[in-house]
Amino acid sequence: MKTRPDPVRVEISLARRKWGGMRAESMAELRTLIRRYRLSVVLGDVTCIGAKWYVTHAGLLRLAHRNHCSGIKTSLQRLYSEPSANRWVFKAIVYNSGFSKGFVGYGDADPSNVSSLVRGAEMRVAETRAVNRALRKAYGIGLCSVEELGWVSEPSKPAAGSSNSNGFHRSNNSNGNLTRLRDQLCLLIRQYNLDPTLVKSYAAHFCGTETLKEASRDLVESFVSHLAASAKEDRDGLICKLNSYAQSAEVKQ
C-alpha cells in the first residue's frame with residue numbers, strides 16, 4: 001500500500017524548484033507558514049520576491065474561508081480620495097466570527113504606486129489592499145501581501161544614450177522590459193532620496209553580478225520589488241543597509 005506524500009514536503013519541493021537557492025532560514029519560515037496557516041505554494045497563496053515571502057490576495061481569501069469568516073465590508077473614503085488624480089482610499093472591515101467587532105484596514109492607490117499593468121484600475125487596487133490589510137490583522141498574518149507593494153510609474157524615455165540625474169545610463173536597446181525596470185529603480189531613488197551609487201552596489205550584490213548591467217531582467221525585477229518594499233516599510237533600515245556598501249564603493253572609485 002502506497003503511503004501518501006507529506007503535503008509540507010510537496011510544497012517545499014515545489015518552492016525549491018520554483019525559486020531555487022533559498023536559504024535554510026527562508027525554507028524554515030515557509031514550513032511555519034504552511035503548517036500554521038495552511039498556505040500553499042501550489043495554489044499561489046504565497047510567493048517569493050527578493051528572497052522574502054509575501055502572501056497573496058487569493059491566499060488570504062482562502063484562509064478566511066477556511067476559518068469561516070463572517071463577512072468583509074468595504075467603503076470608499078471620499079474625504080481622502082481624489083478622483084481627478086485617480087487616487088483612491090478604501091476602508092475594509094473583516095469580521096472573523098459572528099461575535100467579532102471587526103478588524104479594520106486601509107488601502108490607497110494612485111498612478112504613482114501601482115504597476116503599469118493595472119494602470120487605470122487604481123480604485124480596485126486600493127480596495128484589494130484595504131481588504132488584505134484587514135485580513136492580515138484578523139488572522140495574525142505578519143507577512144506583507146504582494147498587492148500592498150508599492151510600484152512606481154515609468155517616466156517618459158529620454159533620447160538614446162542619455163543618462164538621468166541619478167547616474168543610471170539608459171540605452172535604446174531591444175530589451176524594453178529591462179529599461180523600464182531601471183527607470184523604476186531611478187524613480188525609487190528620487191522618491192526616497194537614496195544614494196544612487198550605493199543602490200547600484202546593493203543591486204549588483206543582490207543580483208550576484210559585478211555590475212547591474214550584467215544582471216538578468218528577472219533579477220533586476222526582484223531587486224526593484226525588494227527595494228520598493230524595504231523603502232516603504234523601513235527606510236531607516238534600508239539606509240543602514242546601503243551605507244554598508246559605502247566602503248566598497250569608495251574602493252572601486
# chains A, B, ... in the order shown; residues from 1 in each chain; ligands from 1

$ residues_around --residues "Arg38 (chain A)" --least-positions-apart "6" --cutoff "10 Å" --atoms "only C-alpha atoms" --output "compact mmCIF listing (two decimals) with N, CA and C atoms, in the first residue's frame"
# COMPACT_ATOMS: atom_id res chain seq x y z
N VAL A 8 3.54 19.01 3.27
CA VAL A 8 4.52 20.06 3.53
C VAL A 8 5.76 19.86 2.66
N ARG A 31 7.94 26.64 5.94
CA ARG A 31 7.33 25.50 6.63
C ARG A 31 6.36 25.97 7.72
N THR A 32 6.77 26.99 8.45
CA THR A 32 5.91 27.53 9.50
C THR A 32 4.62 28.08 8.92
N ASP A 45 -0.78 30.79 -2.78
CA ASP A 45 -1.09 31.57 -1.58
C ASP A 45 0.08 32.43 -1.15
N GLY A 59 -4.60 33.88 -1.43
CA GLY A 59 -4.25 33.10 -0.24
C GLY A 59 -4.98 33.59 1.00
N ARG A 62 -8.65 32.49 0.81
CA ARG A 62 -8.80 31.07 1.15
C ARG A 62 -8.65 30.84 2.65
N LEU A 63 -7.72 31.56 3.26
CA LEU A 63 -7.54 31.47 4.71
C LEU A 63 -8.81 31.90 5.44
N ARG A 66 -11.50 29.20 5.05
CA ARG A 66 -11.26 28.02 5.92
C ARG A 66 -11.62 28.30 7.37

$ select_by_dssp --residues "region 70-128 of chain A" --states "strand (DSSP E or B)" --output "list in words"
Gly71, Ile72, Lys73, Thr74, Ser75, Leu76, Glu82, Arg87, Trp88, Val89, Phe90, Lys91, Ala92, Ile93, Val94, Tyr95, Phe103, Val104, Gly105, Tyr106, Gly107, Asp108 and Ala109 of chain A

$ write_last_selection --atoms "N, CA and C atoms" --output "PDB file, in the first residue's frame"
ATOM      1  N   GLY A  71     -17.741  37.913   7.333  1.00  0.00           N
ATOM      2  CA  GLY A  71     -18.023  38.923   6.322  1.00  0.00           C
ATOM      3  C   GLY A  71     -16.915  39.936   6.167  1.00  0.00           C
ATOM      4  N   ILE A  72     -16.917  40.613   5.020  1.00  0.00           N
ATOM      5  CA  ILE A  72     -15.957  41.675   4.721  1.00  0.00           C
ATOM      6  C   ILE A  72     -16.732  42.867   4.186  1.00  0.00           C
ATOM      7  N   LYS A  73     -16.518  44.015   4.781  1.00  0.00           N
ATOM      8  CA  LYS A  73     -17.214  45.231   4.366  1.00  0.00           C
ATOM      9  C   LYS A  73     -16.189  46.262   3.910  1.00  0.00           C
ATOM     10  N   THR A  74     -16.410  46.867   2.753  1.00  0.00           N
ATOM     11  CA  THR A  74     -15.500  47.900   2.263  1.00  0.00           C
ATOM     12  C   THR A  74     -16.273  49.196   2.005  1.00  0.00           C
ATOM     13  N   SER A  75     -15.584  50.317   2.134  1.00  0.00           N
ATOM     14  CA  SER A  75     -16.207  51.615   1.868  1.00  0.00           C
ATOM     15  C   SER A  75     -15.164  52.586   1.341  1.00  0.00           C
ATOM     16  N   LEU A  76     -15.548  53.383   0.358  1.00  0.00           N
ATOM     17  CA  LEU A  76     -14.668  54.384  -0.219  1.00  0.00           C
ATOM     18  C   LEU A  76     -14.537  55.559   0.740  1.00  0.00           C
ATOM     19  N   GLU A  82      -9.039  61.405  -4.386  1.00  0.00           N
ATOM     20  CA  GLU A  82      -9.014  62.461  -5.394  1.00  0.00           C
ATOM     21  C   GLU A  82      -9.311  61.836  -6.755  1.00  0.00           C
ATOM     22  N   ARG A  87      -6.646  58.938  -7.513  1.00  0.00           N
ATOM     23  CA  ARG A  87      -6.171  58.490  -6.207  1.00  0.00           C
ATOM     24  C   ARG A  87      -7.370  58.073  -5.367  1.00  0.00           C
ATOM     25  N   TRP A  88      -7.315  56.833  -4.842  1.00  0.00           N
ATOM     26  CA  TRP A  88      -8.444  56.278  -4.106  1.00  0.00           C
ATOM     27  C   TRP A  88      -7.985  55.705  -2.778  1.00  0.00           C
ATOM     28  N   VAL A  89      -8.809  55.886  -1.770  1.00  0.00           N
ATOM     29  CA  VAL A  89      -8.540  55.331  -0.442  1.00  0.00           C
ATOM     30  C   VAL A  89      -9.770  54.556   0.012  1.00  0.00           C
ATOM     31  N   PHE A  90      -9.556  53.312   0.448  1.00  0.00           N
ATOM     32  CA  PHE A  90     -10.655  52.465   0.912  1.00  0.00           C
ATOM     33  C   PHE A  90     -10.424  52.037   2.358  1.00  0.00           C
ATOM     34  N   LYS A  91     -11.519  51.772   3.017  1.00  0.00           N
ATOM     35  CA  LYS A  91     -11.506  51.183   4.351  1.00  0.00           C
ATOM     36  C   LYS A  91     -12.177  49.822   4.276  1.00  0.00           C
ATOM     37  N   ALA A  92     -11.565  48.825   4.895  1.00  0.00           N
ATOM     38  CA  ALA A  92     -12.148  47.481   4.909  1.00  0.00           C
ATOM     39  C   ALA A  92     -12.285  47.012   6.352  1.00  0.00           C
ATOM     40  N   ILE A  93     -13.360  46.303   6.621  1.00  0.00           N
ATOM     41  CA  ILE A  93     -13.581  45.710   7.943  1.00  0.00           C
ATOM     42  C   ILE A  93     -13.831  44.224   7.754  1.00  0.00           C
ATOM     43  N   VAL A  94     -13.049  43.404   8.442  1.00  0.00           N
ATOM     44  CA  VAL A  94     -13.187  41.952   8.369  1.00  0.00           C
ATOM     45  C   VAL A  94     -13.762  41.442   9.688  1.00  0.00           C
ATOM     46  N   TYR A  95     -14.833  40.680   9.593  1.00  0.00           N
ATOM     47  CA  TYR A  95     -15.456  40.064  10.768  1.00  0.00           C
ATOM     48  C   TYR A  95     -15.102  38.578  10.748  1.00  0.00           C
ATOM     49  N   PHE A 103     -12.027  43.887  12.248  1.00  0.00           N
ATOM     50  CA  PHE A 103     -10.630  44.301  12.114  1.00  0.00           C
ATOM     51  C   PHE A 103     -10.538  45.236  10.922  1.00  0.00           C
ATOM     52  N   VAL A 104      -9.983  46.426  11.152  1.00  0.00           N
ATOM     53  CA  VAL A 104     -10.001  47.490  10.150  1.00  0.00           C
ATOM     54  C   VAL A 104      -8.663  47.584   9.421  1.00  0.00           C
ATOM     55  N   GLY A 105      -8.739  47.801   8.119  1.00  0.00           N
ATOM     56  CA  GLY A 105      -7.548  48.037   7.308  1.00  0.00           C
ATOM     57  C   GLY A 105      -7.834  49.093   6.261  1.00  0.00           C
ATOM     58  N   TYR A 106      -6.822  49.888   5.933  1.00  0.00           N
ATOM     59  CA  TYR A 106      -6.968  50.918   4.913  1.00  0.00           C
ATOM     60  C   TYR A 106      -6.024  50.626   3.746  1.00  0.00           C
ATOM     61  N   GLY A 107      -6.448  51.003   2.564  1.00  0.00           N
ATOM     62  CA  GLY A 107      -5.616  50.824   1.378  1.00  0.00           C
ATOM     63  C   GLY A 107      -5.753  52.014   0.453  1.00  0.00           C
ATOM     64  N   ASP A 108      -4.627  52.431  -0.136  1.00  0.00           N
ATOM     65  CA  ASP A 108      -4.664  53.540  -1.082  1.00  0.00           C
ATOM     66  C   ASP A 108      -3.959  53.138  -2.361  1.00  0.00           C
ATOM     67  N   ALA A 109      -4.304  53.788  -3.451  1.00  0.00           N
ATOM     68  CA  ALA A 109      -3.658  53.529  -4.734  1.00  0.00           C
ATOM     69  C   ALA A 109      -3.811  54.756  -5.622  1.00  0.00           C
TER      70      ALA A 109
END

$ closest_residue --among "A:Gly208, A:Val224, A:Asn243, A:Ala126" --to "Gln184 (chain A)" --atoms "only C-alpha atoms"
A:Val224

$ closest_residue --among "A:Ala64, A:Leu181, A:Cys240, A:Val42" --to "Ser116 (chain A)" --atoms "only C-alpha atoms"
A:Leu181

$ residues_around --residues "Ala229 (chain A)" --least-positions-apart "3" --cutoff "7 Å" --atoms "only C-alpha atoms" --output "list in words"
Leu149, Gly150, Ser225, His226, Lys232 and Glu233 of chain A

$ residues_around --residues "Leu39 (chain A)" --least-positions-apart "3" --cutoff "9 Å" --atoms "only C-alpha atoms" --output "MDAnalysis selection string"
chainID A and resid 30 33:36 43:46 55 59:60 62:63

$ write_last_selection --atoms "C-alpha atoms" --output "JSON list (two decimals), in the first residue's frame"
[["chain", "number", "residue", "atom", "x", "y", "z"],
["A", 30, "LEU", "CA", 7.87, 28.73, 4.68],
["A", 33, "LEU", "CA", 3.54, 29.39, 7.17],
["A", 34, "ILE", "CA", 2.34, 26.13, 5.62],
["A", 35, "ARG", "CA", 1.77, 24.37, 8.94],
["A", 36, "ARG", "CA", 0.33, 27.29, 10.91],
["A", 43, "LEU", "CA", -2.28, 27.24, -5.07],
["A", 44, "GLY", "CA", -0.36, 30.52, -5.17],
["A", 45, "ASP", "CA", -1.09, 31.57, -1.58],
["A", 46, "VAL", "CA", 2.50, 32.74, -1.08],
["A", 55, "VAL", "CA", 1.12, 36.37, 0.94],
["A", 59, "GLY", "CA", -4.25, 33.10, -0.24],
["A", 60, "LEU", "CA", -5.79, 35.47, 2.29],
["A", 62, "ARG", "CA", -8.80, 31.07, 1.15],
["A", 63, "LEU", "CA", -7.54, 31.47, 4.71]]

$ select_by_dssp --residues "region 90-151 of chain A" --states "alpha helix (DSSP H)" --output "list in words"
Glu122, Met123, Arg124, Val125, Ala126, Glu127, Thr128, Arg129, Ala130, Val131, Asn132, Arg133, Ala134, Leu135, Arg136, Lys137 and Ala138 of chain A

$ closest_residue --among "A:Ile141, A:Cys48, A:Met123, A:Val199" --to "Ser81 (chain A)" --atoms "only C-alpha atoms"
A:Met123
